[in-house]
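Asker: Below is a structure I'd like to ask you about.
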Amino acid sequence: MAKIGLFYGSNTGKTEAIAYQIKDEFDKHGAGLVEVHNIGSATKDQMLQYNYLIMGIPTWNTGELQDDWDVFLPNFREMNMSGKQVAIFGLGDQNGYGFNFLDAAGILANEVLLTGATLFGLWSNEKYQFNESKAKQDEYFLCLGVDQEGQENLTPERIKQWVKSVKAEFGI
Ligand SMILES: Cc1cc2nc3c(=O)[nH]c(=O)nc-3n(C[C@H](O)[C@H](O)[C@H](O)COP(=O)(O)O)c2cc1C
């Protein structure tokens with residue numbers, strides 16, 4: 001089994017595409033490190049098999065969770081994830097939804113922390129323009145922020161840097 005389980009939810013395919021780009025970036029450091037799962041058909045037991053987890057989530061409907069994550073989220077209340085290392089990437093549109101930018105990733109991060117897991121992959125929010133975000137903690141996001149509407153050109157380099165630092169933080 002691969003070391004890292006990557007679980008994503010996606011309504012229109014953008015988060016799915018980024019999930020595979022992240023897997024490809026990890027593969028450059030050692031093939032087969034990451035296994036990708038759609039959260040829409042994943043179970044909590046599948047998730048609990050991994051000690052290293054990456055979760056990808058877009059924000060929908062002005063500050064709401066993506067549909068499949070919305071269904072999965074109550075599972076976390078029954079999951080003990082202490083000892084697990086988790087990093088999150090969020091998709092959002094800072095120009096269109098500047099008061100709710102990446103909110104879903106922030107909601108997910110807080111649920112994950114309640115399971116006892118440790119969160120890695122925090123990311124500077126300096127190069128984004130937004131008003132409010134549930135993913136914001138001081139000068140960081142609790143996730144990699146990906147904006148395919150407003151800053152698509154920055155995404156490949158962001159993924160490269162984030163994967164490098166998550167890999168180092170995970171210690172793998
Ligand atoms: C109706 C609608 C509502 C959205 N609401 C938000 C929002 O509140 N915050 C945000 O950051 N992005 C918001 N977005 C942008 C999506 O998160 C973005 O398009 C994302 O890339 C979609 O990912 P997916 O294709 O994987 O579903 C919204 C987009 C749409 C169409």
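Labeling convention for the structure tokens: chains A, B, ... as they appear, residues from 1 per chain, ligands from 1 in order of appearance.
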Given a cut-off of 8 Å, what residues near ligand 1 show up using only C-alpha atoms and all ligand atoms, put as a VMD selection string?
Answerer: chain A and resid 9 to 17 57 to 64 66 91 to 94 96 to 104 146 to 149
Asker: Please provide the set of residues having any atom within 8 Å of Asn80 in chain A, restricted to only C-alpha atoms, with same-chain residues fewer than 2 positions apart removed, written as a PDB file with N, CA and C atoms, in the first residue's frame.
Answerer:
ATOM      1  N   PHE A  76     -15.848  11.983  10.961  1.00  0.00           N
ATOM      2  CA  PHE A  76     -14.684  12.368  11.768  1.00  0.00           C
ATOM      3  C   PHE A  76     -14.990  12.320  13.261  1.00  0.00           C
ATOM      4  N   GLU A  78     -16.394  10.115  14.776  1.00  0.00           N
ATOM      5  CA  GLU A  78     -16.217   8.740  15.270  1.00  0.00           C
ATOM      6  C   GLU A  78     -14.818   8.211  14.975  1.00  0.00           C
ATOM      7  N   SER A  82      -5.345  10.301  16.185  1.00  0.00           N
ATOM      8  CA  SER A  82      -4.120  10.753  16.850  1.00  0.00           C
ATOM      9  C   SER A  82      -2.932   9.965  16.306  1.00  0.00           C
ATOM     10  N   THR A 115     -10.044  15.323  15.639  1.00  0.00           N
ATOM     11  CA  THR A 115      -9.833  13.867  15.684  1.00  0.00           C
ATOM     12  C   THR A 115      -8.515  13.515  16.366  1.00  0.00           C
ATOM     13  N   GLY A 116      -7.682  14.512  16.667  1.00  0.00           N
ATOM     14  CA  GLY A 116      -6.383  14.253  17.288  1.00  0.00           C
ATOM     15  C   GLY A 116      -5.236  14.223  16.301  1.00  0.00           C
ATOM     16  N   ALA A 117      -5.535  14.354  15.013  1.00  0.00           N
ATOM     17  CA  ALA A 117      -4.472  14.361  13.993  1.00  0.00           C
ATOM     18  C   ALA A 117      -3.661  15.653  14.088  1.00  0.00           C
TER      19      ALA A 117
END
Asker: For the atom pair CA of Leu33 in chain A and CA of Leu53 in chain A, what is the interatomic distance in Å to one decimal place?
Answerer: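 So the answer is 11.1 Å.
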Asker: One decimal, Å: what's the distance from CA of Ala2 in chain A over to CA of Ser124 in chain A, could you say?
Answerer: 28.6 Å
Asker: From the set A:Cys143, A:Ile54, A:Ala105, A:Ala87, which residue has the shortest atom-to-atom contact distance to Lys23 in chain A, counting only C-alpha atoms?
Answerer: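 Of A:Cys143, A:Ile54, A:Ala105, A:Ala87, the one nearest Lys23 in chain A is A:Ile54, counting only C-alpha atoms.
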Asker: What lies within 8 Å of range 137-141 of chain A using only C-alpha atoms, ignoring chain neighbours under 4 positions off, as a short mmCIF file (atom, residue, chain, number, x, y, z; two decimals) with C-alpha atoms, in the first residue's frame?
Answerer:
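Contents of the output file out20.cif:
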data_model
loop_
_atom_site.label_atom_id
_atom_site.label_comp_id
_atom_site.auth_asym_id
_atom_site.auth_seq_id
_atom_site.Cartn_x
_atom_site.Cartn_y
_atom_site.Cartn_z
CA LEU A 122 0.36 25.49 6.33
CA TRP A 123 0.89 28.07 3.61
CA SER A 124 1.58 31.81 3.61
CA ASN A 125 -1.48 33.86 2.59
CA GLU A 126 0.65 36.83 1.59
CA GLY A 145 -4.60 27.72 -1.36
#
Asker: List the spatial neighbours of Leu6 in chain A as a PyMOL selection string - criterion: any atom at most 8 Å away, only C-alpha atoms, same-chain residues fewer than 2 positions off excluded.
Answerer: chain A and resi 4+8+19+34-37+53-56
Asker: As an exercise, work out the distance from CA of Glu25 in chain A to CA of Met79 in chain A in Å and give it to one decimal place.
Answerer: 29.1 Å
Asker: Please report, as a VMD selection string, each residue of range 69-144 of chain A to which DSSP assigns helix (DSSP H, G or I) when run on this structure's backbone.
Answerer: chain A and resid 69 to 78 103 to 114
Asker: Using only C-alpha atoms, pick whichever of A:Asn51, A:Ser41, A:Gln21, A:Thr118 has the shortest atom-to-atom distance to Lys3 in chain A.
Answerer: A:Asn51
